[in-house]
Amino acid sequence: MDINTIAHGLNTVWVLLAAALVFFMEAGFAMLEAGFVRAKNSLNIIMKVFIDCCAGLIGYWAIGFGIMYGADKLGIFGTSGYFVQGSMSNLPLLKQFGLPVEVYWMFQAAFAVAVATIVSGAVAERMKFVPYMVFSFAATAIIYPVAGHLIWNPNGIFAKMGMLDFAGSAAVHAVGGWASLAAVLVLGPRLGKFKKDGTANVLPGHSMPLAALGAFILWFGWFGFNPGSALNGLDGSIAHIVVTTNLAAAAGGLLSALFTLWKYGKVDASMTMNGALAGLVAITAGCAYVNLYSAVIIGAIAGVIVVLAVELVDRIHADDPVGAIAVHGFCGSFGALAVGLFASVGSSKGLFFGGGFKLLGVQFLGLSVVSIWSFGATFGIFSLLKKLVGIRVSADDEIEGMDISEHGIRAYNQTAIDDSIVLEDDDIEIVKSKAVIGKQANDIA
Amino acid sequence: MDINTIAHGLNTVWVLLAAALVFFMEAGFAMLEAGFVRAKNSLNIIMKVFIDCCAGLIGYWAIGFGIMYGADKLGIFGTSGYFVQGSMSNLPLLKQFGLPVEVYWMFQAAFAVAVATIVSGAVAERMKFVPYMVFSFAATAIIYPVAGHLIWNPNGIFAKMGMLDFAGSAAVHAVGGWASLAAVLVLGPRLGKFKKDGTANVLPGHSMPLAALGAFILWFGWFGFNPGSALNGLDGSIAHIVVTTNLAAAAGGLLSALFTLWKYGKVDASMTMNGALAGLVAITAGCAYVNLYSAVIIGAIAGVIVVLAVELVDRIHADDPVGAIAVHGFCGSFGALAVGLFASVGSSKGLFFGGGFKLLGVQFLGLSVVSIWSFGATFGIFSLLKKLVGIRVSADDEIEGMDISEHGIRAYNQTAIDDSIVLEDDDIEIVKSKAVIGKQANDIA
Amino acid sequence: MDINTIAHGLNTVWVLLAAALVFFMEAGFAMLEAGFVRAKNSLNIIMKVFIDCCAGLIGYWAIGFGIMYGADKLGIFGTSGYFVQGSMSNLPLLKQFGLPVEVYWMFQAAFAVAVATIVSGAVAERMKFVPYMVFSFAATAIIYPVAGHLIWNPNGIFAKMGMLDFAGSAAVHAVGGWASLAAVLVLGPRLGKFKKDGTANVLPGHSMPLAALGAFILWFGWFGFNPGSALNGLDGSIAHIVVTTNLAAAAGGLLSALFTLWKYGKVDASMTMNGALAGLVAITAGCAYVNLYSAVIIGAIAGVIVVLAVELVDRIHADDPVGAIAVHGFCGSFGALAVGLFASVGSSKGLFFGGGFKLLGVQFLGLSVVSIWSFGATFGIFSLLKKLVGIRVSADDEIEGMDISEHGIRAYNQTAIDDSIVLEDDDIEIVKSKAVIGKQANDIA
């Protein structure tokens with residue numbers, strides 16, 4: 001038994017389990033988003049997340065991984081690693097940590113899927129399923145991989161400039177968040193979301209327990225998301241990372257709770273959940289680079305930003321049913337910049353720790369470019385899909401709900417059959433129409 | 001500190017965490033099955049899964065493990081290891097990987113419980129609770145252990161013939177799936193499932209979000225199920241296994257989505273979920289033996305098989321409310337055979353990789369025997385229980401729902417009490433009958 | 001690469017993942033408690049658990065950890081380690097196992113949060129949110145840390161006396177359970193819980209599937225709770241611990257099922273779930289010290305105790321909607337004492353294994369002191385809060401439900417808007433009052 005074999009085995013086990021945790025975040029997204037939308041569209045949004053896992057894994061396997069981590073071309077995309085073939089000798093970390101390419105792919109793939117899923121929430125309740133599948137594939141095959149290449153490929157433009165985005169406040173969350181903004185601008189708001197006077201109606205989600213379950217699962221998944229990004233179980237850094245991560249989440253949730261209590265007189269439930277997620281998103285870039293106090297401050301600020309950002313997004317008439325733009329776009333961007341302010345662990349220092357404006361400038365530049373790329377590419381794809389096949393369900397379908405129009409079934413179904421009738425005449429055609437079954441339940445639930 | 005101590009510690013940690021993931025699949029089964037059945041039976045099906053965990057762990061501890069992994073007798077059963085006592089020196093892998101017997105038991109026990117649980121879904125909505133408990137104990141104490149002995153005990157008949165069933169497409173899933181078929185044939189279909197003309201009624205499940213949550217949890221659990229079966233974190237094979245596993249799942253879900261879109265004009269939600277599970281079930285035998293392309297093909301084929309198999313099961317009037325026979329029986333069998341076709345990693349090659357028909361023949365033989373054993377043993381036990389104590393609830397109970405008849409409570413309850421009345425007269429006997437409380441809610445939900 | 005680096009890395013990875021599992025138990029508590037209460041209070045109870053995570057992590061970071069594990073003063077509290085600063089050289093285990101302080105904090109913090117959350121269930125459906133936040137902070141900052149110091153700080157009074165409480169039947173569960181009793185005695189029962197003749201009304205929970213999901217998640221989390229407490233992946237003890245843990249859970253659930261079947265004629269669903277949790281709570285102290293047979297016996301006894309304790313708690317008019325006092329108070333206490341009876345692994349032997357009454361006496365003493373401390377401190381804080389700000393919502397709010405009164409939203413919402421009306425006149429003020437939206441749904445669900 002060789003000592004390096006054991007070190008490599010430990011890293012492989014660690015990254016595999018971290019990948020499992022990150023992948024499980026898809027369940028969290030699905031429940032959070034389903035809970036935040038109306039019952040009549042709740043299955044459809046879950047199916048979009050589910051198809052992210054399917055189409056997204058295939059897309060990131062066939063194309064995305066090669067673009068993101070393949071041998072570099074121009075600092076922008078990769079030319080090897082497609083279908084996860086080849087040794088990826090251009091990634092020295094794999095050799096250093098003894099990670100098999102495949103486990104590295106699995107971990108990265110879970111991130112790619114998350115980017116697509118962030119958008120699924122923003123376009124909920126009105127976007128057609130098949131064009132969404134196309135976007136989901138494009139997001140994991142191209143949009144995210146290019147952004148990721150710029151920041152995380154060792155030869156990516158911003159990687160070489162020294163940008164610090166440990167687990168992806170910029171590469172994952174801002175990319176997903178600003179893609180969401182582009183998507184909803186092309187798609188338009190839901191029927192009835194905005195009044196003629198321009199103010200917004202509240203369209204409350206159908207199940208806060210489901211949403212809360214999702215928030216808990218996402219928090220749980222972040223135990224893999226951030227410390228797993230160390231790709232290494234041996235130097236103890238994961239201990240620091242897991243603590244900054246969780247303190248920022250706690251501070252984010254606590255501040256959202258207190259801020260809404262002060263502002264509205266009650267602790268807002270969905271804001272508190274989104275506040276914890278905002279703290280997690282914001283600390284994702286800096287989790288390895290900031291100290292514990294800074295982590296608390298970053299989380300707390302994110303917890304306030306998310307409340308204000310939700311209001312702002314409403315004000316510009318971008319209809320985002322789950323708050324994806326506020327949580328991922330705004331707080332992801334804040335988190336990427338916060339590294340430029342608070343970095344104190346490691347050689348690059350932030351503005352508040354004597355590093356001057358250099359790091360902050362790099363963070364700003366990298367963040368801006370990947371945000372514009374993501375916004376622009378998504379805007380383009382959505383516009384193209386809109387022209388070619390249409391991206392929005394009909395008004396009738398939107399009113400009836402997409403669970404019926406897209407999947408022919410309701411999320412919640414009444415007992416389907418009056419058995420006592422069947423006993424008298426078991427030949428009766430009881431199931432007259434799928435659209436009728438469960439109608440009452442969904443009108444209520 | 002000795003280097004072997006660390007290697008053994010790593011393997012122990014790895015297998016323990018994999019066991020936790022596999023055991024958590026019980027939550028997935030419970031939610032999936034509950035979502036797919038009607039509200040009035042949803043608690044009962046969850047309780048059956050819960051009791052699998054209780055009775056099943058005890059059964060596999062006292063008896064099952066000894067039968068499966070004890071010192072071999074006739075290649076069919078074991079004679080040591082009962083109550084997880086003794087050193088199990090007949091299992092060289094434990095020594096090789098430095099695994100304590102107990103952690104090995106925990107991992108295997110989670111599999112045993114899963115086999116019983118597969119059946120719970122098929123018999124949902126009409127099987128009595130107490131006879132189910134007896135079956136659950138028998139499945140984990142005898143039925144599964146004998147099948148597992150044949151394939152996985154180092155001296156089992158098919159193990160010695162070179163059968164390859166890495167994590168149990170045959171030993172776990174086909175065994176559970178064909179046991180399910182036997183069970184529903186003895187039990188008969190639910191009231192109202194089939195019309196006089198022989199066609200099937202659709203009895204839609206009551207909560208697709210719950211079912212989807214279950215599917216996500218199951219997928220998550222497979223991160224332990226397949227790579228954990230390596231029992232070893234040191235040789236890097238788990239990296240390959242996790243990727244074949246997830247690609248097959250993605251391909252299965254994607255193909256089910258596309259196939260139902262083509263066939264029915266809409267993406268069928270429950271089929272897409274079952275498609276991903278079908279891909280997972282099918283790759284379970286071959287996850288360590290096939291390359292990534294083969295994994296995608298196997299998953300994709302399973303995604304189509306499951307759709308056709310659900311229709312076929314209906315056509316033979318086997319009433320399986322959750323699709324257990326299609327997912328586990330058909331796709332487990334396909335997966336076991338697929339190893340004989342696609343095996344390319346390791347020394348045994350499949351038909352498509354120059355290995356000829358030899359491996360395929362062994363796979364077919366082993367699969368056939370454990371399937372017949374499982375079907376026959378379950379048929380026997382169910383027939384015996386039917387004769388001795390009855391296995392089916394009364395028609396009245398079936399109509400009212402088993403949550404009331406078996407547990408005296410409804411899964412979903414209305415606010416139980418009108419507090420305003422209580423305030424006027426807190427002596428009032430408000431809770432008149434458990435059967436009335438919550439009735440309205442369950443009629444609807 | 002140094003061999004100790006790898007050993008320390010393995011322990012760090014192991015404890016981090018165990019911490020993730022324990023932290024995820026908060027999702028389990030939230031779902032279990034929400035399922036066991038009425039729909040109108042289900043969001044509120046979830047928010048209390050969520051705020052435990054937020055306020056509790058901050059409280060245990062700033063104060064609690066220092067009190068619990070800082071350099072000892074009088075055997076009762078610590079004087080270093082506040083804000084998780086300093087090297088904690090007073091904890092030799094960290095050096096021995098190579099654990100960074102931060103990962104150790106994360107694991108311990110997940111326990112602290114659990115203690116607060118145990119109380120959240122007992123005070124459900126009538127306690128105000130803001131005073132609960134204050135209590136949650138106090139529980140994680142002071143109440144639990146002092147109890148933990150007494151038992152687990154190497155210089156704690158009972159630690160030095162040789163008390164054995166491996167993962168906290170006493171330090172966590174009895175402390176949380178008896179704090180719950182104090183809390184509900186100060187708070188009083190829910191409106192309508194008890195009749196004039198003193199007997200109890202049944203106020204059934206609104207969603208048994210949600211409760212069951214919670215129970216499954218808690219069981220899953222115990223894979224981290226107990227074996228993680230070894231803090232060490234290297235000596236194989238975690239294999240034994242995971243098996244005693246799961247066998248006790250299985251025996252607890254099975255006995256509760258059989259006992260209620262015998263007593264009431266039906267398998268009681270919530271009792272069976274609580275029975276498995278009771279087994280887990282009871283084995284938590286002894287999981288590393290008892291053999292497998294003892295584990296089964298301890299779990300089985302706990303499965304009976306919990307049923308009787310729920311009845312007893314009702315009889316003394318302590319209104320505990322989720323059974324927290326029975327599960328955590330009674331079975332935690334039983335588990336702590338059971339070590340004094342059944343300990344057989346390691347140097348300290350219990351009464352039944354030739355150790356005489358010595359260990360039993362220490363266990364009894366330590367348990368008594370932390371129980372009295374926890375009960376008294378909670379009684380004091382609740383009494384103070386009652387006097388200063390009030391801890392109970394108004395009768396009107398209690399009748400309407402706390403989701404509306406505390407958070408201005410219902411847990412389950414009807415489709416918020418009749419889109420067809422909006423189409424005719426999208427200026428209409430549809431959302432007239434939050435209190436009206438979703439009312440019908442919550443009246444039913």
# chains A, B, ... in the order shown; residues from 1 in each chain; ligands from 1
$ select_by_dssp --residues "region 2-116 of chain C" --states "strand (DSSP E or B)" --output "number ranges by chain"
C: 72-73, 77-78
$ interface_residues --of "chain C" --to "chain B" --cutoff "6 Å" --atoms "only C-alpha atoms" --output "JSON list (two decimals) with C-alpha atoms, in the first residue's frame"
[["chain", "number", "residue", "atom", "x", "y", "z"],
["C", 38, "ARG", "CA", -52.32, 21.79, 12.32],
["C", 192, "GLY", "CA", -59.12, 23.13, 23.29],
["C", 195, "LYS", "CA", -61.65, 19.11, 28.34],
["C", 196, "LYS", "CA", -63.27, 20.21, 31.58],
["C", 203, "LEU", "CA", -55.70, 17.54, 17.76],
["C", 206, "HIS", "CA", -52.22, 18.01, 9.31],
["C", 207, "SER", "CA", -49.86, 15.85, 7.26],
["C", 208, "MET", "CA", -48.57, 12.46, 8.21],
["C", 216, "PHE", "CA", -36.75, 9.35, 7.84],
["C", 220, "PHE", "CA", -30.59, 9.38, 8.27],
["C", 233, "GLY", "CA", -12.45, 7.40, 11.37],
["C", 234, "LEU", "CA", -9.47, 5.26, 12.14],
["C", 239, "ALA", "CA", -18.70, 0.44, 12.51],
["C", 240, "HIS", "CA", -19.96, -0.85, 15.82],
["C", 250, "ALA", "CA", -35.41, -0.71, 14.33],
["C", 253, "GLY", "CA", -40.05, 1.28, 15.85],
["C", 254, "LEU", "CA", -40.99, -2.38, 15.81],
["C", 266, "LYS", "CA", -54.10, -0.90, 15.24],
["C", 267, "VAL", "CA", -50.51, -0.01, 14.45],
["C", 268, "ASP", "CA", -50.31, 3.64, 15.47],
["C", 399, "ILE", "CA", -57.67, 30.40, 16.61],
["C", 444, "ILE", "CA", -59.33, 22.09, 4.54],
["C", 445, "ALA", "CA", -55.68, 21.18, 4.49]]
$ residues_around --residues "Gly198 (chain C)" --least-positions-apart "2" --cutoff "10 Å" --atoms "only C-alpha atoms" --output "list of chain:residue names"
B:Asp427, C:Lys193, C:Phe194, C:Lys195, C:Lys196, C:Ala200, C:Asn201, C:Asp314, C:Arg315, C:Ile316, C:His317
$ atom_distance --atom1 "CA of Ser136 (chain A)" --atom2 "CA of Thr117 (chain A)"
7.9 Å
